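Data first, discussion second: the structure below is written as structure tokens.
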Amino acid sequence: MNPTNEIILVLYYSRHGKTRRLAELIGQGVDSVPGMEARLRTVPAVSTVAEATEPDIPRSGSPYVELEDLAECAGLALGSPTRFGNMAAAMKYFWDGTSAQWLSGTLAGKPAAVFTSTGSLHGGQESTLLSMMIPLLHHGMMVMGLPYTEPELMTTASGGSPYGATHWSGVDGTRPVSDDEKRLAIALGRRLALAARKLQGTE
């Protein structure tokens, strides 16, 4: 990490790796902007079993997010697989614990973007993206999507939305991230980082 870089927090939850792959691509877009750096973080799973716990350090993938990550970031990309048209419970649980940051305005005025993945082509991608925007708006963040100047929005036969980056993984989860999905995810990360840089006055 370059200590002079501004941090874009790419916070995601992923069960089978596809939302994580989108997070990595968004991070690639962030890192393409001089002076900006992606910080990938995840959240632990939740369980209906009261005694169940997750390890302090994930077995694989990104470290767990800490509330300090919210304070240190210049912008945020938030991602979750779709659960009946909404974000996964693990991600909702994390945001339900950010009242102190909401009261203090930790995220107010920072840019944000959202991303998701689904097993079915019409599996609630856009409603999930919109629902993830709600806590970010309550936190005072400036939410952005993808403009139609990104040509892949008009040509994609898989994921991709003006509300954010998406991936269609297939019912069995075996569909790879398509070229259009990759380009849109990278474009979203780059757009978020450019906005953060402008707002930080470093451009």
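Identifiers in this document derive from the order of the structure tokens: chains are assigned A, B, ..., residues are numbered from 1 separately in each chain, and ligands are numbered from 1 in order of occurrence.
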Wanna dump the stretch 94-127 of chain A-stretch 140-162 of chain A contacts at 10 Å for me, each residue with its shortest atom pair and the distance in Å to one decimal, counting only C-alpha atoms, ordered by chain and number, as a tab-separated table?
residue	atom	partner	partner_atom	distance
A:Trp102	CA	A:Gly140	CA	8.2
A:Gly105	CA	A:Gly140	CA	7.3
A:Thr106	CA	A:Gly140	CA	8.9
A:Leu107	CA	A:Met141	CA	6.0
A:Ala108	CA	A:Gly140	CA	4.1
A:Gly109	CA	A:Met141	CA	5.2
A:Lys110	CA	A:Met141	CA	5.1
A:Pro111	CA	A:Met142	CA	4.6
A:Ala112	CA	A:Val143	CA	4.7
A:Ala113	CA	A:Met144	CA	5.4
A:Val114	CA	A:Gly145	CA	7.6
A:Phe115	CA	A:Ser161	CA	9.2
A:Thr116	CA	A:Gly159	CA	9.3
A:Ser117	CA	A:Gly159	CA	8.1
A:Thr118	CA	A:Gly159	CA	9.0
A:Leu121	CA	A:Ser158	CA	7.2
A:His122	CA	A:Gly159	CA	9.6
A:Gln125	CA	A:Ser161	CA	8.4
A:Glu126	CA	A:Ser161	CA	7.2
request  = Can you pull out every residue within 7 Å of stretch 22-26 of chain A, counting only C-alpha atoms, but drop anything in the same chain fewer than 5 positions away, and send it as number ranges by chain?
outcome  = A: 10, 12, 182, 185-186, 188-189
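Each of A:Val46, A:Ala196, A:Leu40, A:Leu130 was compared to A:Gly164 using only C-alpha atoms, and A:Leu130 turns out to be the nearest.
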query = DSSP on the backbone: what in stretch 71-202 of chain A comes out helix (DSSP H, G or I), as number ranges by chain?
reply = A: 71-72, 89-96, 99-104, 125-138, 152-155, 179-199
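When DSSP is run on the backbone, the residues of stretch 72-155 of chain A that fall into strand (DSSP E) are Cys73, Ala74, Gly75, Leu76, Ala77, Leu78, Gly79, Ser80, Pro81, Thr82, Arg83, Asn86, Met87, Pro111, Ala112, Ala113, Val114, Phe115, Thr116, Ser117, Thr118, Met142 and Val143 of chain A.
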note = From atom CA of A:Asn2 to atom CA of A:Thr19 the spacing works out at 26.1 Å
Contact check, stretch 53-89 of chain A to stretch 165-180 of chain A, at most 10 Å, counting only C-alpha atoms, closest pairs as CSV:
residue,atom,partner,partner_atom,distance
A:Gly79,CA,A:Ala165,CA,9.0
A:Ser80,CA,A:Thr166,CA,9.9
A:Pro81,CA,A:His167,CA,9.3
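One distance worth recording is that between atom CA of A:Pro135 and atom CA of A:Tyr93, which is 11.6 Å.
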Proximity to A:Leu103 - best of A:Ser14, A:His139, A:Pro34, A:Gly75, only C-alpha atoms = A:His139
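Taking atom CA of A:Asp31 and atom CA of A:Arg191 as the two end points, the separation is 11.1 Å.
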Which polymer residues have any atom within 8 Å of an atom of A:Gly123, counting only C-alpha atoms, with same-chain residues fewer than 3 positions away left out, as a CSV table (one decimal) with N, CA, C and O atoms, in the first residue's frame?
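Output saved as part-v1.csv:
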chain,number,residue,atom,x,y,z
A,82,THR,N,-27.7,-11.7,-4.7
A,82,THR,CA,-29.1,-11.4,-4.5
A,82,THR,C,-29.8,-12.5,-3.6
A,82,THR,O,-29.5,-13.7,-3.8
A,84,PHE,N,-33.6,-13.0,-2.9
A,84,PHE,CA,-35.0,-12.6,-3.1
A,84,PHE,C,-35.1,-11.1,-3.4
A,84,PHE,O,-35.9,-10.4,-2.8
A,85,GLY,N,-34.2,-10.6,-4.2
A,85,GLY,CA,-34.3,-9.2,-4.6
A,85,GLY,C,-33.7,-8.3,-3.6
A,85,GLY,O,-33.9,-7.1,-3.7
A,118,THR,N,-26.4,-13.0,-9.6
A,118,THR,CA,-27.6,-13.8,-9.4
A,118,THR,C,-27.4,-15.1,-10.2
A,118,THR,O,-26.7,-15.2,-11.1
A,119,GLY,N,-28.2,-16.1,-9.7
A,119,GLY,CA,-28.2,-17.4,-10.4
A,119,GLY,C,-29.0,-17.4,-11.7
A,119,GLY,O,-28.7,-18.0,-12.7
A,120,SER,N,-30.1,-16.6,-11.6
A,120,SER,CA,-31.0,-16.6,-12.8
A,120,SER,C,-30.9,-15.2,-13.5
A,120,SER,O,-30.6,-14.2,-12.8
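Across A:Gln28, A:Thr4, A:Ser131, A:Thr98, the tightest approach to A:Ala71 is made by A:Thr98 when counting only C-alpha atoms.
Closest to A:Ala38 among A:Tyr64, A:Ser127, A:Leu76, A:Lys18 is A:Leu76, based on only C-alpha atoms.
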